Amino acid sequence: MSYNATIEEENKEIANRYKNLLKGTYQTLSEDDKKLIRKAFDLAVEAHSSQRRKSGEPYIFHPIAVAKIVADEIGLGATSIAAALLHDVVEDTPYTINDMERLFGENIARIVSGLTKISNLKQEQDYSIQAENFRKMLLTLHDDVRVILIKIADRLHNMQTMDSMPPHKQVKIASETLYIYAPLAHRLGLYNIKTELEDLGLKYTEPDVYNDILTKIKESKEDQQKYIDSFTGILKEALNKEGFKYEVKGRFKSIFSIRRKMRKQNVTFDEVYDKFAIRIIYHPTSEDEKFDAWKIYSIVTDFFKPNPARLRDWISQPKSTGYEALHITVIGPEAKWVEVQIRSDRMDEIAEKGYAAHFKYKQGNVQESGLEGWLNRLKESLENQSLDAVDFVEDFKLNLYAKEIYVFTPNGDLKSLPKGASALDFAFSVHTDVGLKCRGAKVNGKLVPLSHPLKSGDQVEVLTAANNKPNIRWLDFVITARARAKIKSALKAEEKKIAEEGKAILQRKLRHLKIGSSEKIIHEIASYFGLKTSFDLFYRVGNGAIDNTQLKQFVAQRSNGFMGFIKNTFRRTPGKEISEKEEVTNKYDALVFGKEEQTLDYTLSKCCSPIPGDKVFGFVTINEGIKVHKNDCPNAISLQSNYAYRIMPAKWIDSTKQEFTAILHLSGLDNKGIVNNITKIISNSMDVFIHSINISGDDGVFDGKISLSVKNKNQLNKLIDNMKKVDGVQNVERVNTL
């Protein structure tokens with residue numbers, strides 16, 4: 001439908017929308033507030049006067065709509081409403097951030113700056129502009145959460161008015177929305193907005209699925225309404241009898257959540273058993289809201305049998321988003337499962353408005369809320385800016401959508417962690433130093449590995465050792481952004497140390513080979529080994545991945561004058577200059593399987609064509625060995641649900657950085673202290689860890705096996721040579737099994 005309206009009609013419509021904006025504010029506005037909003041509105045109208053949206057409408061409709069969402073649905077005050085009206089002014093018009101500060105003060109200028117996209121980066125920087133924009137926005141989050149709240153409102157209005165955009169833009173914007181904006185809205189307690197963003201995201205990324213579910217919901221709406229009425233009719237009588245003031249709402253689950261259930265459980269629309277929920281919103285009859293909630297719970301369960309496994313008590317322990325409610329799933333009429341949510345009108349307002357309502361009710365209550373705690377922890381994880389922007393956003397996103405579990409410290413304090421968190425995640429949640437020095441954990445009094453997944457109610461004690469260091473394998477099982485950021489940061493420091501040692505070793509070897517160690521030579525060597533930076537080269541010399549033999553080969557080909565020049569010309573790709581930047585690049589050159597990270601024969605599946613670096617798993621076929629699929633392969637869900645026992649964990653690795661498990665068989669004469677001498681050699685080797693050791697003596701001879709973690713074959717060969725020098729050791733060989 002094309003847009004056509006006269007200038008007079010447009011001006012009248014702009015004035016109406018502005019009045020409507022002021023009418024629907026959640027906060028009470030003072031005269032000064034209204035003046036501020038009016039000033040922002042007038043400037044926005046003037047700045048955007050010549051701009052139109054893709055639909056043909058005046059551009060100013062968009063900032064007014066965003067301000068309306070900020071004022072009404074999110075519930076923020078005058079500063080945020082003014083910033084929402086001005087959010088595109090700096091990006092799209094000649095006005096600058098300095099103008100904003102001069103006209104509206106530092107607060108509004110900072111918010112508008114946080115909302116202004118980075119439009120371009122230097123050509124030589126190989127970054128994702130989108131990820132850089134996310135990073136910029138997220139870094140302002142711990143200073144002023146309003147930046148994100150206005151950005152979410154901006155995204156919601158863009159999603160609501162996306163029909164006039166070209167299809168490729170629709171898919172891109174919808175994918176971004178599902179990737180980060182919906183999880184952010186969820187984390188900030190904006191459940192209504194999160195639901196709408198998810199549904200609209202699905203509408204543009206999977207239109208057929210969206211329309212199919214929407215049609216089915218519409219078709220079954222009448223039947224469902226009758227069912228909800230019959231269910232609530234039974235309850236109302238009992239609630240009235242107890243003198244409760246309440247409202248009962250029946251609502252369909254969102255299209256996106258129905259789709260997620262269908263996918264997760266591998267079922268059809270008709271087989272999804274809890275497609276709707278009943279919400280009982282009560283006005284407390286006493287000072288004790290919690291008591292009333294449990295009283296209503298008791299009334300519901302008098303009439304309908306509850307599923308004990310599906311009780312969720314977020315009143316005794318609210319979610320870290322500030323959400324409070326009691327959720328129960330009961331068997332209703334016709335033996336259908338129904339989810340019942342019980343919450344007071346205060347809890348309901350916090351669930352609808354999130355962050356803003358949370359603070360309205362919090363005045364005078366000093367105790368830190370879950371949401372503020374999350375924002376404080378977030379500040380710490382945002383401080384690690386050494387990651388590239390894409391990794392930064394990935395790490396940040398880890399904590400956004402996770403369901404929560406509650407575990408106890410040895411002193412009985414309660415800690416909230418994402419579902420699936422390991423004992424090591426818990427250690428990092430206590431303190432960074434505790435995490436970095438963690439060598440084990442006790443869960444409910446029993447010793448467990450660091451990778452042990454925790455469950456709600458576990459009591460966890462962390463065991464530390466002063467000389468313990470983080471290990472690259474830790475990244476395989478920690479799931480919290482904080483733990484990942486701290487481990488990566490510690491590994492980076494370790495890489496620096498190894499690179500410094502590598503630099504000294506390389507200079508010594510080059511002097512010995514009589515070719516010097518000038519910058520030009522270092523760059524030639526890095527180019528010869530296909531590395532991006534000199535730091536990469538020093539690191540690989542330091543950890544033994546590049547040894548003397550390989551350096552001699554480089555010198556030999558270099559001295560072969562003309563051929564060396566030709567080879568180098570072909571090796572060096574245009575624009576790939578060796579830099580001094582501190583970076584260790586990943587060269588994925590191996591695929592390993594299982595917990596032991598074994599190298600096995602495999603073929604890449606044609607249905608999803610994985611490439612090195614993709615997240616993958618192995619599937620053991622009947623006739624064709626191991627087939628490797630991407631985690632998001634179209635066939636992944638059906639393979640994992642129907643043939644779980646044939647799935648093998650797999651990952652691409654850079655063998656110069658990764659640790660491998662090697663098993664050594666040793667035998668010889670059983671001299672006094674021989675085991676001590678062998679283990680001393682292992683512990684003196686850089687970054688070699690013992691997994692298991694089993695050595696037995698018999699009438700003067702010994703025989704045994706040791707399982708180790710090593711960085712590469714060169715390191716292992718050096719270790720074997722050193723073991724053979726131990727008095728009494730006659731044979732050391734590598735074997736495949738313990």
# chains A, B, ... in the order shown; residues from 1 in each chain; ligands from 1

$ residues_around --residues "Arg343 in chain A" --least-positions-apart "3" --cutoff "7 Å" --atoms "only C-alpha atoms" --output "NGL selection string"
:A and (280-282 or 293 or 325-326 or 347-348)

$ write_last_selection --atoms "all heavy atoms" --output "compact mmCIF listing (two decimals), in the first residue's frame"
# COMPACT_ATOMS: atom_id res chain seq x y z
N ILE A 280 -2.44 -15.50 36.90
CA ILE A 280 -3.28 -14.95 37.98
C ILE A 280 -2.50 -13.79 38.61
O ILE A 280 -1.43 -14.00 39.20
CB ILE A 280 -3.60 -16.03 39.05
CG1 ILE A 280 -4.34 -17.21 38.40
CG2 ILE A 280 -4.41 -15.42 40.19
CD1 ILE A 280 -4.50 -18.42 39.30
N ILE A 281 -3.03 -12.57 38.42
CA ILE A 281 -2.36 -11.38 38.96
C ILE A 281 -3.20 -10.89 40.15
O ILE A 281 -4.37 -10.51 39.97
CB ILE A 281 -2.24 -10.27 37.89
CG1 ILE A 281 -1.43 -10.81 36.70
CG2 ILE A 281 -1.60 -9.02 38.45
CD1 ILE A 281 -1.69 -10.12 35.40
N TYR A 282 -2.64 -10.94 41.35
CA TYR A 282 -3.42 -10.63 42.55
C TYR A 282 -2.94 -9.35 43.22
O TYR A 282 -1.78 -8.94 43.09
CB TYR A 282 -3.34 -11.80 43.55
CG TYR A 282 -1.95 -12.06 44.09
CD1 TYR A 282 -1.52 -11.45 45.28
CD2 TYR A 282 -1.05 -12.92 43.43
CE1 TYR A 282 -0.25 -11.68 45.78
CE2 TYR A 282 0.22 -13.14 43.92
CZ TYR A 282 0.62 -12.52 45.09
OH TYR A 282 1.89 -12.73 45.58
N ALA A 293 0.85 -15.61 47.47
CA ALA A 293 1.17 -16.40 46.26
C ALA A 293 1.03 -17.89 46.55
O ALA A 293 0.42 -18.63 45.77
CB ALA A 293 2.59 -16.08 45.79
N ALA A 325 7.86 -14.57 40.22
CA ALA A 325 6.58 -15.24 39.96
C ALA A 325 6.68 -16.68 40.44
O ALA A 325 7.76 -17.19 40.72
CB ALA A 325 6.24 -15.22 38.47
N LEU A 326 5.50 -17.29 40.54
CA LEU A 326 5.43 -18.71 40.87
C LEU A 326 4.83 -19.40 39.64
O LEU A 326 3.76 -19.00 39.19
CB LEU A 326 4.50 -18.86 42.08
CG LEU A 326 4.61 -20.11 42.95
CD1 LEU A 326 6.02 -20.31 43.43
CD2 LEU A 326 3.66 -19.97 44.15
N MET A 347 4.77 -7.51 40.92
CA MET A 347 5.60 -8.45 40.16
C MET A 347 5.25 -8.38 38.67
O MET A 347 6.13 -8.47 37.80
CB MET A 347 5.39 -9.89 40.66
CG MET A 347 5.81 -10.14 42.08
SD MET A 347 5.28 -11.81 42.57
CE MET A 347 5.48 -11.75 44.34
N ASP A 348 3.95 -8.22 38.39
CA ASP A 348 3.50 -8.17 37.00
C ASP A 348 4.06 -6.93 36.30
O ASP A 348 4.49 -6.99 35.15
CB ASP A 348 1.97 -8.15 36.95
CG ASP A 348 1.44 -8.30 35.52
OD1 ASP A 348 1.80 -9.31 34.88
OD2 ASP A 348 0.72 -7.42 35.05

$ select_by_dssp --residues "range 237-292 of chain A" --states "strand (DSSP E)" --output "list in words"
Lys245, Tyr246, Glu247, Val248, Lys249, Gly250, Arg251, Phe252, Phe276, Ala277, Ile278, Arg279, Ile280, Ile281, Tyr282 and His283 of chain A

$ write_last_selection --atoms "N, CA, C and O atoms" --output "mmCIF file, in the first residue's frame"
data_model
loop_
_atom_site.group_PDB
_atom_site.id
_atom_site.type_symbol
_atom_site.label_atom_id
_atom_site.label_comp_id
_atom_site.auth_asym_id
_atom_site.auth_seq_id
_atom_site.Cartn_x
_atom_site.Cartn_y
_atom_site.Cartn_z
ATOM 1 N N LYS A 245 -8.465 -9.917 45.523
ATOM 2 C CA LYS A 245 -8.708 -9.032 44.377
ATOM 3 C C LYS A 245 -7.708 -9.489 43.326
ATOM 4 O O LYS A 245 -6.496 -9.487 43.577
ATOM 5 N N TYR A 246 -8.201 -9.862 42.166
ATOM 6 C CA TYR A 246 -7.298 -10.489 41.196
ATOM 7 C C TYR A 246 -7.822 -10.280 39.777
ATOM 8 O O TYR A 246 -8.940 -9.831 39.547
ATOM 9 N N GLU A 247 -6.929 -10.630 38.831
ATOM 10 C CA GLU A 247 -7.305 -10.634 37.413
ATOM 11 C C GLU A 247 -6.731 -11.921 36.839
ATOM 12 O O GLU A 247 -5.590 -12.289 37.153
ATOM 13 N N VAL A 248 -7.529 -12.628 36.036
ATOM 14 C CA VAL A 248 -7.021 -13.856 35.404
ATOM 15 C C VAL A 248 -6.901 -13.606 33.910
ATOM 16 O O VAL A 248 -7.847 -13.174 33.266
ATOM 17 N N LYS A 249 -5.686 -13.839 33.368
ATOM 18 C CA LYS A 249 -5.474 -13.654 31.925
ATOM 19 C C LYS A 249 -5.075 -14.996 31.335
ATOM 20 O O LYS A 249 -4.257 -15.724 31.917
ATOM 21 N N GLY A 250 -5.642 -15.308 30.192
ATOM 22 C CA GLY A 250 -5.214 -16.510 29.458
ATOM 23 C C GLY A 250 -4.497 -16.032 28.211
ATOM 24 O O GLY A 250 -4.965 -15.123 27.545
ATOM 25 N N ARG A 251 -3.330 -16.572 27.925
ATOM 26 C CA ARG A 251 -2.630 -16.102 26.723
ATOM 27 C C ARG A 251 -1.950 -17.256 26.019
ATOM 28 O O ARG A 251 -1.510 -18.227 26.648
ATOM 29 N N PHE A 252 -1.845 -17.127 24.689
ATOM 30 C CA PHE A 252 -1.109 -18.102 23.886
ATOM 31 C C PHE A 252 0.381 -17.890 24.071
ATOM 32 O O PHE A 252 0.837 -16.761 24.210
ATOM 33 N N PHE A 276 -0.471 -22.638 25.768
ATOM 34 C CA PHE A 276 -0.977 -21.409 26.380
ATOM 35 C C PHE A 276 -0.769 -21.448 27.896
ATOM 36 O O PHE A 276 -0.539 -22.498 28.481
ATOM 37 N N ALA A 277 -0.816 -20.249 28.477
ATOM 38 C CA ALA A 277 -0.589 -20.144 29.927
ATOM 39 C C ALA A 277 -1.688 -19.289 30.546
ATOM 40 O O ALA A 277 -2.252 -18.416 29.892
ATOM 41 N N ILE A 278 -1.998 -19.585 31.810
ATOM 42 C CA ILE A 278 -2.969 -18.793 32.579
ATOM 43 C C ILE A 278 -2.163 -17.960 33.568
ATOM 44 O O ILE A 278 -1.258 -18.484 34.228
ATOM 45 N N ARG A 279 -2.476 -16.673 33.645
ATOM 46 C CA ARG A 279 -1.760 -15.811 34.587
ATOM 47 C C ARG A 279 -2.746 -15.275 35.627
ATOM 48 O O ARG A 279 -3.767 -14.697 35.256
ATOM 49 N N ILE A 280 -2.442 -15.497 36.902
ATOM 50 C CA ILE A 280 -3.281 -14.951 37.984
ATOM 51 C C ILE A 280 -2.503 -13.795 38.606
ATOM 52 O O ILE A 280 -1.435 -13.996 39.197
ATOM 53 N N ILE A 281 -3.026 -12.566 38.425
ATOM 54 C CA ILE A 281 -2.362 -11.377 38.964
ATOM 55 C C ILE A 281 -3.204 -10.890 40.148
ATOM 56 O O ILE A 281 -4.367 -10.513 39.972
ATOM 57 N N TYR A 282 -2.636 -10.935 41.352
ATOM 58 C CA TYR A 282 -3.420 -10.634 42.553
ATOM 59 C C TYR A 282 -2.944 -9.346 43.223
ATOM 60 O O TYR A 282 -1.784 -8.941 43.085
ATOM 61 N N HIS A 283 -3.851 -8.706 43.950
ATOM 62 C CA HIS A 283 -3.488 -7.562 44.782
ATOM 63 C C HIS A 283 -3.304 -8.112 46.195
ATOM 64 O O HIS A 283 -4.230 -8.726 46.733
#

$ residues_around --residues "Pro612 in chain A" --least-positions-apart "4" --cutoff "10 Å" --atoms "only C-alpha atoms" --output "ChimeraX atom specification"
/A:587-591,616,651-654

$ select_by_dssp --residues "range 237-321 of chain A" --states "alpha helix (DSSP H)" --output "ChimeraX atom specification"
/A:237-241,255-265,289-303

$ atom_distance --atom1 "CA of Ser80 in chain A" --atom2 "CA of Glu352 in chain A"
18.1 Å

$ closest_residue --among "A:Ser422, A:Asn158, A:Ile217, A:Ile234" --to "Leu200 in chain A" --atoms "only C-alpha atoms"
A:Asn158

$ residues_around --residues "range 522-526 of chain A" --least-positions-apart "6" --cutoff "8 Å" --atoms "only C-alpha atoms" --output "list in words"
Lys532, Thr533, Ser534, Asp536, Leu537, Phe554 and Ile578 of chain A

$ write_last_selection --atoms "N, CA, C and O atoms" --output "short mmCIF file (atom, residue, chain, number, x, y, z; two decimals), in the first residue's frame"
data_model
loop_
_atom_site.label_atom_id
_atom_site.label_comp_id
_atom_site.auth_asym_id
_atom_site.auth_seq_id
_atom_site.Cartn_x
_atom_site.Cartn_y
_atom_site.Cartn_z
N LYS A 532 51.07 -14.46 10.21
CA LYS A 532 50.70 -13.05 9.98
C LYS A 532 51.58 -12.07 10.72
O LYS A 532 51.76 -10.94 10.29
N THR A 533 52.07 -12.45 11.89
CA THR A 533 52.83 -11.49 12.70
C THR A 533 54.12 -12.12 13.22
O THR A 533 54.24 -13.35 13.32
N SER A 534 55.08 -11.25 13.57
CA SER A 534 56.35 -11.75 14.12
C SER A 534 56.09 -12.37 15.50
O SER A 534 56.76 -13.32 15.90
N ASP A 536 53.53 -14.18 16.27
CA ASP A 536 53.14 -15.57 15.98
C ASP A 536 54.36 -16.46 15.83
O ASP A 536 54.39 -17.59 16.31
N LEU A 537 55.36 -15.92 15.15
CA LEU A 537 56.59 -16.68 14.90
C LEU A 537 57.31 -16.96 16.22
O LEU A 537 57.68 -18.11 16.51
N PHE A 554 64.63 -23.42 6.01
CA PHE A 554 64.40 -22.04 5.55
C PHE A 554 65.70 -21.44 5.03
O PHE A 554 65.75 -20.83 3.96
N ILE A 578 53.70 -8.66 7.05
CA ILE A 578 53.93 -9.15 8.41
C ILE A 578 53.95 -7.95 9.35
O ILE A 578 54.64 -6.97 9.09
#

$ atom_distance --atom1 "CA of Lys469 in chain A" --atom2 "CA of Ala493 in chain A"
11.0 Å

$ closest_residue --among "A:Met262, A:His629, A:Ser257, A:Gly530" --to "Lys606 in chain A" --atoms "only C-alpha atoms"
A:His629

$ residues_around --residues "His691 in chain A" --least-positions-apart "6" --cutoff "9 Å" --atoms "only C-alpha atoms" --output "MDAnalysis selection string"
chainID A and resid 661 706:709

$ write_last_selection --atoms "C-alpha atoms" --output "tab-separated table (two decimals), in the first residue's frame"
chain	number	residue	atom	x	y	z
A	661	THR	CA	47.08	-36.50	24.78
A	706	ILE	CA	52.10	-42.52	31.40
A	707	SER	CA	49.35	-40.39	29.79
A	708	LEU	CA	50.43	-36.78	29.11
A	709	SER	CA	49.24	-33.51	27.59

$ residues_around --residues "Pro649 in chain A" --least-positions-apart "2" --cutoff "7 Å" --atoms "only C-alpha atoms" --output "PDB file with all heavy atoms, in the first residue's frame"
ATOM      1  N   PHE A 593      38.611 -35.780  17.736  1.00  0.00           N
ATOM      2  CA  PHE A 593      37.321 -36.346  18.171  1.00  0.00           C
ATOM      3  C   PHE A 593      37.381 -36.791  19.624  1.00  0.00           C
ATOM      4  O   PHE A 593      38.401 -37.287  20.095  1.00  0.00           O
ATOM      5  CB  PHE A 593      36.951 -37.555  17.303  1.00  0.00           C
ATOM      6  CG  PHE A 593      36.701 -37.211  15.865  1.00  0.00           C
ATOM      7  CD1 PHE A 593      37.745 -37.196  14.953  1.00  0.00           C
ATOM      8  CD2 PHE A 593      35.426 -36.878  15.428  1.00  0.00           C
ATOM      9  CE1 PHE A 593      37.522 -36.869  13.632  1.00  0.00           C
ATOM     10  CE2 PHE A 593      35.194 -36.548  14.108  1.00  0.00           C
ATOM     11  CZ  PHE A 593      36.247 -36.540  13.200  1.00  0.00           C
ATOM     12  N   GLY A 594      36.218 -36.656  20.312  1.00  0.00           N
ATOM     13  CA  GLY A 594      36.057 -37.202  21.658  1.00  0.00           C
ATOM     14  C   GLY A 594      36.803 -36.404  22.711  1.00  0.00           C
ATOM     15  O   GLY A 594      37.523 -35.450  22.420  1.00  0.00           O
ATOM     16  N   PHE A 617      30.359 -31.708  14.728  1.00  0.00           N
ATOM     17  CA  PHE A 617      30.330 -32.964  15.492  1.00  0.00           C
ATOM     18  C   PHE A 617      30.505 -34.113  14.506  1.00  0.00           C
ATOM     19  O   PHE A 617      30.284 -33.957  13.301  1.00  0.00           O
ATOM     20  CB  PHE A 617      29.020 -33.101  16.286  1.00  0.00           C
ATOM     21  CG  PHE A 617      27.774 -33.220  15.429  1.00  0.00           C
ATOM     22  CD1 PHE A 617      27.299 -34.465  15.012  1.00  0.00           C
ATOM     23  CD2 PHE A 617      27.066 -32.085  15.036  1.00  0.00           C
ATOM     24  CE1 PHE A 617      26.153 -34.568  14.229  1.00  0.00           C
ATOM     25  CE2 PHE A 617      25.923 -32.182  14.260  1.00  0.00           C
ATOM     26  CZ  PHE A 617      25.460 -33.431  13.849  1.00  0.00           C
ATOM     27  N   GLY A 618      30.943 -35.262  15.032  1.00  0.00           N
ATOM     28  CA  GLY A 618      31.115 -36.445  14.183  1.00  0.00           C
ATOM     29  C   GLY A 618      29.921 -37.368  14.335  1.00  0.00           C
ATOM     30  O   GLY A 618      29.378 -37.507  15.433  1.00  0.00           O
ATOM     31  N   ILE A 647      26.801 -40.096  18.095  1.00  0.00           N
ATOM     32  CA  ILE A 647      27.371 -38.751  17.942  1.00  0.00           C
ATOM     33  C   ILE A 647      28.710 -38.678  18.676  1.00  0.00           C
ATOM     34  O   ILE A 647      28.839 -39.150  19.799  1.00  0.00           O
ATOM     35  CB  ILE A 647      26.420 -37.679  18.539  1.00  0.00           C
ATOM     36  CG1 ILE A 647      25.057 -37.698  17.828  1.00  0.00           C
ATOM     37  CG2 ILE A 647      27.052 -36.293  18.504  1.00  0.00           C
ATOM     38  CD1 ILE A 647      25.048 -37.217  16.420  1.00  0.00           C
TER      39      ILE A 647
END

$ residues_around --residues "Ile14 in chain A" --least-positions-apart "2" --cutoff "10 Å" --atoms "only C-alpha atoms" --output "ChimeraX atom specification"
/A:8-12,16-20,45,58,60-61,64

$ write_last_selection --atoms "N, CA and C atoms" --output "mmCIF file, in the first residue's frame"
data_model
loop_
_atom_site.group_PDB
_atom_site.id
_atom_site.type_symbol
_atom_site.label_atom_id
_atom_site.label_comp_id
_atom_site.auth_asym_id
_atom_site.auth_seq_id
_atom_site.Cartn_x
_atom_site.Cartn_y
_atom_site.Cartn_z
ATOM 1 N N GLU A 8 -0.111 19.353 4.996
ATOM 2 C CA GLU A 8 -0.985 19.725 6.131
ATOM 3 C C GLU A 8 -1.371 18.486 6.936
ATOM 4 N N GLU A 9 -1.752 17.418 6.201
ATOM 5 C CA GLU A 9 -2.143 16.168 6.879
ATOM 6 C C GLU A 9 -0.970 15.601 7.682
ATOM 7 N N GLU A 10 0.220 15.684 7.093
ATOM 8 C CA GLU A 10 1.417 15.170 7.778
ATOM 9 C C GLU A 10 1.688 15.961 9.062
ATOM 10 N N ASN A 11 1.627 17.297 8.958
ATOM 11 C CA ASN A 11 1.889 18.135 10.138
ATOM 12 C C ASN A 11 0.884 17.863 11.255
ATOM 13 N N LYS A 12 -0.383 17.676 10.845
ATOM 14 C CA LYS A 12 -1.434 17.371 11.815
ATOM 15 C C LYS A 12 -1.151 16.022 12.508
ATOM 16 N N ASN A 16 -0.405 15.129 16.411
ATOM 17 C CA ASN A 16 -1.208 14.118 17.133
ATOM 18 C C ASN A 16 -0.316 13.085 17.807
ATOM 19 N N ARG A 17 0.689 12.624 17.063
ATOM 20 C CA ARG A 17 1.585 11.589 17.606
ATOM 21 C C ARG A 17 2.373 12.142 18.798
ATOM 22 N N TYR A 18 2.761 13.403 18.719
ATOM 23 C CA TYR A 18 3.500 14.021 19.828
ATOM 24 C C TYR A 18 2.617 14.088 21.081
ATOM 25 N N LYS A 19 1.348 14.515 20.890
ATOM 26 C CA LYS A 19 0.405 14.588 22.029
ATOM 27 C C LYS A 19 0.212 13.201 22.639
ATOM 28 N N ASN A 20 0.056 12.221 21.767
ATOM 29 C CA ASN A 20 -0.148 10.829 22.179
ATOM 30 C C ASN A 20 1.051 10.321 22.981
ATOM 31 N N VAL A 45 12.343 17.452 14.615
ATOM 32 C CA VAL A 45 11.463 17.766 13.470
ATOM 33 C C VAL A 45 12.231 18.592 12.445
ATOM 34 N N PRO A 58 7.110 10.659 6.570
ATOM 35 C CA PRO A 58 8.139 11.566 7.105
ATOM 36 C C PRO A 58 9.008 10.805 8.114
ATOM 37 N N ILE A 60 10.397 11.707 10.791
ATOM 38 C CA ILE A 60 10.156 12.043 12.206
ATOM 39 C C ILE A 60 9.180 11.068 12.866
ATOM 40 N N PHE A 61 8.353 10.379 12.063
ATOM 41 C CA PHE A 61 7.437 9.364 12.627
ATOM 42 C C PHE A 61 8.229 8.318 13.427
ATOM 43 N N ILE A 64 9.541 9.568 16.950
ATOM 44 C CA ILE A 64 8.385 9.706 17.864
ATOM 45 C C ILE A 64 7.931 8.319 18.335
#

$ atom_distance --atom1 "CA of Ser451 in chain A" --atom2 "CA of Thr464 in chain A"
15.0 Å

$ closest_residue --among "A:Thr177, A:Asn714, A:Ser456, A:Ser416" --to "Asn543 in chain A" --atoms "only C-alpha atoms"
A:Asn714
